[in-house]
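Just query07.cif here, mmCIF, C-alpha atoms and all ligand atoms:
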```
data_work
#
loop_
_atom_site.label_atom_id
_atom_site.label_comp_id
_atom_site.auth_asym_id
_atom_site.auth_seq_id
_atom_site.Cartn_x
_atom_site.Cartn_y
_atom_site.Cartn_z
CA MET A 23 27.12 8.47 -54.29
CA ALA A 24 25.87 4.96 -53.64
CA ILE A 25 27.57 2.12 -55.45
CA ASP A 26 26.17 0.63 -58.67
CA GLU A 27 24.96 -2.71 -57.30
CA ASP A 28 24.88 -4.22 -60.82
CA VAL A 29 28.67 -3.90 -61.02
CA LYS A 30 29.02 -5.90 -57.79
CA SER A 31 26.57 -8.66 -58.75
CA ALA A 32 27.50 -11.98 -60.32
CA PRO A 33 26.50 -12.16 -64.01
CA VAL A 34 22.77 -12.32 -64.74
CA ASP A 35 23.33 -15.44 -66.86
CA SER A 36 25.07 -17.34 -64.03
CA GLY A 37 21.79 -19.19 -63.42
CA ILE A 38 22.13 -18.99 -59.62
CA LEU A 39 19.72 -17.72 -56.97
CA ASP A 40 19.30 -13.98 -57.19
CA VAL A 41 20.30 -13.48 -53.56
CA ILE A 42 23.60 -15.32 -54.14
CA ARG A 43 24.20 -13.15 -57.19
CA ARG A 44 23.67 -9.97 -55.22
CA ARG A 45 25.72 -10.73 -52.07
CA TRP A 46 29.04 -8.93 -51.96
CA SER A 47 31.44 -7.61 -49.33
CA PRO A 48 31.45 -3.82 -49.01
CA ARG A 49 33.97 -1.82 -46.99
CA SER A 50 31.95 1.39 -47.01
CA PHE A 51 28.72 1.35 -45.01
CA SER A 52 26.01 4.00 -44.76
CA ASP A 53 24.89 5.42 -41.42
CA GLN A 54 21.52 3.70 -41.71
CA ALA A 55 20.91 1.55 -38.63
CA VAL A 56 19.97 -2.12 -38.87
CA ALA A 57 16.53 -2.90 -37.43
CA ASP A 58 16.33 -5.42 -34.59
CA ALA A 59 13.80 -7.42 -36.62
CA ASP A 60 16.36 -7.78 -39.43
CA LEU A 61 19.08 -8.89 -37.03
CA VAL A 62 16.70 -11.54 -35.73
CA LYS A 63 16.09 -12.74 -39.32
CA LEU A 64 19.84 -12.91 -40.00
CA PHE A 65 20.56 -15.05 -36.96
CA THR A 66 17.47 -17.17 -37.55
CA ALA A 67 18.79 -17.89 -41.05
CA ALA A 68 22.21 -18.71 -39.54
CA GLY A 69 20.58 -21.08 -37.06
CA TRP A 70 18.84 -23.02 -39.83
CA ALA A 71 22.15 -24.10 -41.38
CA ALA A 72 22.93 -27.81 -41.49
CA SER A 73 25.59 -29.07 -39.09
CA SER A 74 27.35 -32.29 -38.23
CA TYR A 75 25.11 -34.27 -35.79
CA ASN A 76 22.94 -31.13 -35.63
CA GLU A 77 25.42 -29.83 -33.05
CA GLN A 78 24.81 -26.21 -34.13
CA PRO A 79 28.31 -25.28 -32.93
CA TRP A 80 28.02 -21.62 -33.96
CA ARG A 81 27.87 -18.74 -31.50
CA PHE A 82 27.67 -15.07 -32.53
CA LEU A 83 28.70 -12.04 -30.51
CA VAL A 84 26.87 -9.01 -31.91
CA GLY A 85 27.26 -5.33 -31.09
CA ARG A 86 25.91 -2.06 -32.44
CA ARG A 87 28.09 1.02 -32.72
CA GLY A 88 28.25 2.65 -29.28
CA GLU A 89 28.00 -0.65 -27.43
CA ALA A 90 30.85 -2.32 -25.51
CA THR A 91 30.53 -5.51 -27.62
CA TYR A 92 31.10 -3.48 -30.80
CA ASP A 93 34.15 -1.77 -29.32
CA LYS A 94 35.66 -5.07 -28.23
CA ILE A 95 35.23 -6.64 -31.69
CA LEU A 96 36.64 -3.52 -33.39
CA ASP A 97 39.57 -3.50 -31.00
CA ALA A 98 40.42 -7.12 -31.90
CA LEU A 99 40.57 -6.43 -35.67
CA VAL A 100 43.86 -5.90 -37.46
CA GLU A 101 44.46 -2.29 -38.40
CA PHE A 102 43.77 -2.88 -42.13
CA ASN A 103 40.24 -3.92 -41.16
CA GLN A 104 39.68 -1.39 -38.36
CA VAL A 105 40.10 1.49 -40.79
CA TRP A 106 36.96 0.61 -42.77
CA ALA A 107 35.01 -1.70 -40.43
CA LYS A 108 34.38 1.17 -38.03
CA THR A 109 31.89 2.57 -40.59
CA ALA A 110 29.64 -0.48 -40.13
CA PRO A 111 26.69 -0.01 -37.77
CA VAL A 112 26.96 -3.62 -36.55
CA LEU A 113 29.97 -5.86 -35.88
CA ILE A 114 29.68 -9.60 -35.33
CA LEU A 115 32.18 -12.21 -34.18
CA SER A 116 31.57 -15.87 -35.01
CA VAL A 117 32.78 -18.47 -32.55
CA SER A 118 32.55 -22.24 -32.82
CA LYS A 119 32.22 -24.94 -30.21
CA MET A 120 34.92 -27.49 -31.10
CA ILE A 121 33.65 -30.48 -29.09
CA PHE A 122 30.34 -32.33 -29.34
CA SER A 123 27.94 -31.49 -26.51
CA THR A 124 26.72 -35.10 -26.28
CA ASN A 125 30.07 -36.85 -25.67
CA GLY A 126 32.85 -34.24 -25.47
CA HIS A 127 34.62 -35.68 -28.55
CA PRO A 128 36.41 -33.22 -30.85
CA ASN A 129 34.20 -31.78 -33.59
CA ALA A 130 36.55 -31.43 -36.57
CA LEU A 131 33.74 -29.76 -38.52
CA GLY A 132 32.91 -27.07 -35.98
CA LEU A 133 34.39 -24.17 -37.93
CA HIS A 134 33.11 -25.65 -41.19
CA ASP A 135 29.54 -25.59 -39.87
CA THR A 136 29.96 -22.15 -38.31
CA GLY A 137 31.06 -21.00 -41.77
CA ALA A 138 27.89 -22.48 -43.26
CA ALA A 139 25.78 -20.62 -40.68
CA SER A 140 27.69 -17.44 -41.47
CA ALA A 141 26.98 -17.91 -45.19
CA ASN A 142 23.27 -18.24 -44.40
CA MET A 143 23.51 -15.04 -42.36
CA SER A 144 25.19 -13.22 -45.26
CA LEU A 145 22.63 -14.38 -47.81
CA GLN A 146 19.72 -13.41 -45.56
CA ALA A 147 21.38 -10.00 -45.17
CA ALA A 148 21.63 -9.61 -48.96
CA ALA A 149 17.95 -10.55 -49.30
CA LEU A 150 17.13 -7.62 -46.97
CA GLY A 151 19.28 -5.09 -48.85
CA LEU A 152 22.01 -5.37 -46.23
CA GLN A 153 25.52 -6.74 -46.83
CA THR A 154 28.17 -8.38 -44.67
CA HIS A 155 31.94 -8.34 -44.94
CA GLY A 156 33.82 -11.24 -43.36
CA MET A 157 37.17 -10.66 -41.72
CA GLY A 158 39.81 -13.24 -40.92
CA GLY A 159 42.09 -10.40 -39.90
CA VAL A 160 41.28 -10.68 -36.20
CA ASP A 161 43.60 -11.05 -33.24
CA ARG A 162 41.96 -14.24 -32.00
CA GLU A 163 43.69 -14.30 -28.64
CA LYS A 164 42.68 -10.71 -27.99
CA ALA A 165 39.07 -11.53 -28.87
CA ARG A 166 39.16 -14.66 -26.71
CA ALA A 167 40.50 -12.70 -23.75
CA SER A 168 38.14 -9.74 -24.03
CA PHE A 169 35.02 -11.97 -24.26
CA ALA A 170 36.35 -14.69 -21.90
CA ILE A 171 35.71 -17.35 -24.58
CA PRO A 172 36.28 -20.84 -23.11
CA GLU A 173 39.03 -23.12 -24.46
CA ASP A 174 36.71 -25.59 -26.16
CA TYR A 175 35.50 -22.81 -28.46
CA GLU A 176 37.45 -21.34 -31.38
CA VAL A 177 37.16 -17.81 -32.71
CA GLY A 178 35.97 -17.87 -36.34
CA ALA A 179 35.67 -14.61 -38.26
CA ALA A 180 34.52 -11.08 -37.59
CA TRP A 181 31.72 -9.68 -39.76
CA ALA A 182 30.82 -6.09 -40.58
CA LEU A 183 27.10 -5.62 -41.29
CA GLY A 184 25.10 -2.73 -42.69
CA TYR A 185 23.77 -1.02 -45.80
CA PRO A 186 26.43 -0.31 -48.46
CA GLY A 187 27.67 3.29 -48.43
CA ASP A 188 29.59 5.66 -50.68
CA PRO A 189 32.87 4.17 -51.99
CA GLU A 190 34.33 7.69 -52.16
CA ALA A 191 34.05 7.94 -48.36
CA LEU A 192 36.76 5.27 -48.03
CA PRO A 193 40.49 6.02 -47.76
CA ILE A 194 41.97 5.93 -51.26
CA ILE A 195 43.62 2.49 -51.00
CA TYR A 196 40.21 0.80 -50.61
CA ARG A 197 38.25 2.80 -53.19
CA GLU A 198 39.15 0.98 -56.40
CA MET A 199 38.59 -2.44 -54.75
CA GLU A 200 35.16 -1.25 -53.62
CA LYS A 201 34.11 -0.34 -57.14
CA ALA A 202 35.77 -3.24 -58.98
CA ALA A 203 33.76 -6.08 -60.53
CA ARG A 204 33.95 -9.35 -58.58
CA ILE A 205 35.74 -12.26 -60.19
CA ARG A 206 35.60 -16.02 -59.70
CA LYS A 207 37.54 -19.10 -60.78
CA PRO A 208 35.99 -21.18 -63.54
CA LEU A 209 34.38 -24.44 -62.34
CA ARG A 210 37.03 -26.58 -64.01
CA GLU A 211 39.54 -25.24 -61.48
CA PHE A 212 37.63 -26.54 -58.47
CA VAL A 213 35.19 -29.26 -59.57
CA PHE A 214 37.14 -32.46 -60.22
CA LYS A 215 36.62 -36.09 -61.18
CA GLU A 216 40.20 -36.89 -60.10
CA TRP A 217 42.52 -34.63 -58.21
CA GLU A 218 42.93 -31.48 -60.33
CA ARG A 219 41.21 -33.08 -63.33
CA ALA A 220 38.02 -31.25 -64.21
CA ALA A 221 34.77 -33.17 -63.83
CA ASP A 222 32.87 -33.98 -67.03
CA MET A 223 29.83 -31.75 -67.15
CA ALA A 224 28.27 -30.32 -70.26
CA GLU A 225 28.30 -26.50 -70.17
CA MET A 226 31.08 -26.38 -67.55
C1 LIG B 301 36.17 -15.81 -43.67
C2 LIG B 301 36.52 -14.57 -44.46
C3 LIG B 301 37.61 -13.79 -44.08
C4 LIG B 301 37.88 -12.61 -44.76
N1 LIG B 301 38.87 -11.77 -44.29
C5 LIG B 301 38.95 -10.50 -44.76
C6 LIG B 301 39.75 -9.54 -44.08
O1 LIG B 301 40.38 -9.79 -43.04
N2 LIG B 301 39.79 -8.28 -44.61
C7 LIG B 301 39.10 -7.93 -45.74
O2 LIG B 301 39.18 -6.76 -46.13
N3 LIG B 301 38.31 -8.83 -46.38
C8 LIG B 301 38.21 -10.10 -45.91
N4 LIG B 301 37.35 -11.01 -46.50
C9 LIG B 301 36.57 -10.62 -47.69
C10 LIG B 301 37.05 -11.34 -48.94
O3 LIG B 301 38.23 -10.72 -49.41
C11 LIG B 301 35.91 -11.31 -49.98
O4 LIG B 301 34.85 -12.12 -49.51
C12 LIG B 301 36.40 -11.84 -51.34
O5 LIG B 301 37.32 -10.95 -51.90
C13 LIG B 301 35.27 -12.07 -52.30
O6 LIG B 301 34.53 -10.89 -52.45
P1 LIG B 301 32.95 -10.91 -52.29
O7 LIG B 301 32.64 -11.32 -50.86
O8 LIG B 301 32.50 -9.48 -52.56
O9 LIG B 301 32.40 -11.88 -53.25
C14 LIG B 301 37.09 -12.22 -45.87
C15 LIG B 301 36.02 -13.04 -46.26
C16 LIG B 301 35.72 -14.17 -45.57
C17 LIG B 301 34.53 -15.00 -45.98
#
```
Please re-express this file's structure in structure tokens.
Amino acid sequence: MAIDEDVKSAPVDSGILDVIRRRWSPRSFSDQAVADADLVKLFTAAGWAASSYNEQPWRFLVGRRGEATYDKILDALVEFNQVWAKTAPVLILSVSKMIFSTNGHPNALGLHDTGAASANMSLQAAALGLQTHGMGGVDREKARASFAIPEDYEVGAAWALGYPGDPEALPIIYREMEKAARIRKPLREFVFKEWERAADMAEM
């Protein structure tokens, strides 16, 4: 049975954009393929992220199940992630250029901006009824070697992409997490006026 999307959404009264409310990270994906046109929209959304000096340091390797790119990304994941990520019809690996193209100076914000592009990608996915699941559990050196990624680029995160599937199809250790409500820190724990002193905002 498909998951109850309302359980996975942020509260209705959170006052945030509906698409942000509805994005979540599934581990069970249905067999439904992702249309090329939707992939194009996802990466177009990623490409419209802001970046330091408009460097656009992000690169994305994308593979569909059955393709060599998919197999190489899957192979680079840690086992905890491989177990469920193999149900996703699409796997993505984000990579960031870590020097500025104009002058070769280090870009300390490369991964930051690649993360912003990835967030855009995830929100565009949610707007299309798709979902992504980010994975830091990647053997970065393995990924670098299998895609011959140059030294001035850093491997970011892997992403599973597809339509959410049946939680009961997952191995038991993942099932309860899949169905659990999502939780977040209150704003006072991360919005400060001084270090670790909550900012003054009515309604916070
Ligand atoms: C960069 C990044 C790395 C993550 N790494 C993993 C991972 O290796 N394995 C995993 O199961 N989930 C991973 N997650 C998923 C997070 O656990 C998940 O986003 C978090 O629990 C919040 O849940 P939500 O995305 O449904 O709001 C990662 C998420 C991000 C953004």
Self-check item: d(CA of Phe102 in chain A, CA of Leu131 in chain A) in Å
Solution: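 Rounded to one decimal, the two atoms are 28.9 Å apart.
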For the contact check between chain A and ligand LIG 301 (chain B), emit one row per residue of chain A within 10 Å, containing the shortest atom pair and the distance in Å rounded to one decimal, counting all atoms listed in the file, chain then rising number order, as a tab-separated table.
```
residue	atom	partner	partner_atom	distance
A:Lys30	CA	B:LIG301	O8	7.2
A:Ser31	CA	B:LIG301	O8	8.6
A:Ala32	CA	B:LIG301	O9	8.6
A:Ile42	CA	B:LIG301	O9	9.5
A:Arg43	CA	B:LIG301	O9	9.2
A:Arg44	CA	B:LIG301	O9	9.2
A:Arg45	CA	B:LIG301	O9	6.9
A:Trp46	CA	B:LIG301	O8	3.6
A:Ser47	CA	B:LIG301	O8	3.9
A:Pro48	CA	B:LIG301	O8	6.8
A:Arg49	CA	B:LIG301	O2	7.2
A:Leu99	CA	B:LIG301	O1	8.1
A:Val100	CA	B:LIG301	O1	7.6
A:Glu101	CA	B:LIG301	O1	9.7
A:Phe102	CA	B:LIG301	N2	7.2
A:Asn103	CA	B:LIG301	N2	5.6
A:Gln104	CA	B:LIG301	N2	9.3
A:Val105	CA	B:LIG301	O2	9.9
A:Trp106	CA	B:LIG301	O2	8.4
A:Ala107	CA	B:LIG301	O2	8.7
A:Ser116	CA	B:LIG301	C1	9.8
A:Gly137	CA	B:LIG301	C1	7.5
A:Ser140	CA	B:LIG301	C17	8.5
A:Ala141	CA	B:LIG301	C17	8.1
A:Ser144	CA	B:LIG301	O7	9.5
A:Gln153	CA	B:LIG301	O7	9.4
A:Thr154	CA	B:LIG301	O7	8.2
A:His155	CA	B:LIG301	C9	5.8
A:Gly156	CA	B:LIG301	C15	4.1
A:Met157	CA	B:LIG301	N1	3.3
A:Gly158	CA	B:LIG301	N1	3.8
A:Gly159	CA	B:LIG301	O1	3.6
A:Val160	CA	B:LIG301	O1	7.0
A:Gly178	CA	B:LIG301	C1	7.6
A:Ala179	CA	B:LIG301	C1	5.6
A:Ala180	CA	B:LIG301	C3	7.7
A:Trp181	CA	B:LIG301	C2	8.3
A:Ala182	CA	B:LIG301	N3	9.9
A:Tyr196	CA	B:LIG301	O2	8.8
A:Met199	CA	B:LIG301	O5	9.1
A:Glu200	CA	B:LIG301	O8	8.7
A:Ala202	CA	B:LIG301	O8	9.5
A:Ala203	CA	B:LIG301	O8	8.8
A:Arg204	CA	B:LIG301	O9	6.1
A:Ile205	CA	B:LIG301	O9	7.7
A:Arg206	CA	B:LIG301	O9	8.3
```
Self-check item: Distance criterion (all atoms listed in the file): nearest to Gly126 in chain A out of A:Ile171, A:Leu192, A:Glu77, A:Ala220
Solution: A:Glu77
Quiz item: Which polymer residues, protein or nucleic acid, are no farther than 9 Å from (33.8, -21.9, -29.3), counting only C-alpha atoms, as a PyMOL selection string?
Solution: chain A and resi 79-81+116-121+132-133+171-178
Practice problem: Could you tell me which of A:Met223, A:Ala165, A:Ala147, A:Leu209 comes closest to Val62 in chain A if we count all atoms listed in the file? | Solution: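 Among the listed residues, A:Ala147 lies closest to Val62 in chain A.
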Quiz prompt | Using all atoms listed in the file: which of A:Glu89, A:Asp53, A:Ala167, A:Ser74 has the shortest distance to Pro128 in chain A | solution =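 Checking each candidate against Pro128 in chain A, we get A:Ser74 as the closest.
For the set A:Asp26, A:Asp35, A:Thr66, A:Ser50, the residue with the smallest atom-to-atom gap to Leu145 in chain A is A:Thr66, counting all atoms listed in the file.
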Exercise. Provide the CA of Pro33 in chain A to CA of Asp135 in chain A distance in Å, to one decimal place.
Key: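 Computing the Euclidean distance for CA of Pro33 in chain A and CA of Asp135 in chain A yields 27.8 Å.
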Exercise. Pick out the residues sitting within 8 Å of Ile114 in chain A, and hand them over as a PyMOL selection string; count all atoms listed in the file, and ignore anything fewer than 6 positions along from it in its own chain.
Key: chain A and resi 82-85+92+95+180-183
Exercise. Measuring atom to atom with only C-alpha atoms, identify which of A:Val41, A:Val213, A:Leu152, A:Phe51 is nearest to Glu190 in chain A.
Key: A:Phe51
Identify, on the basis of all atoms listed in the file, every residue whose closest approach to Ile25 in chain A does not exceed 9 Å; exclude the query and any residue fewer than 3 positions from it along the same chain; express the result as a PDB file with C-alpha atoms, in the frame of the given file.
```pdb
ATOM      1  CA  ASP A  28      24.880  -4.220 -60.820  1.00  0.00           C
ATOM      2  CA  VAL A  29      28.670  -3.900 -61.020  1.00  0.00           C
ATOM      3  CA  LYS A  30      29.020  -5.900 -57.790  1.00  0.00           C
ATOM      4  CA  PRO A 186      26.430  -0.310 -48.460  1.00  0.00           C
ATOM      5  CA  GLY A 187      27.670   3.290 -48.430  1.00  0.00           C
ATOM      6  CA  ASP A 188      29.590   5.660 -50.680  1.00  0.00           C
ATOM      7  CA  PRO A 189      32.870   4.170 -51.990  1.00  0.00           C
ATOM      8  CA  GLU A 200      35.160  -1.250 -53.620  1.00  0.00           C
ATOM      9  CA  LYS A 201      34.110  -0.340 -57.140  1.00  0.00           C
TER      10      LYS A 201
END
```
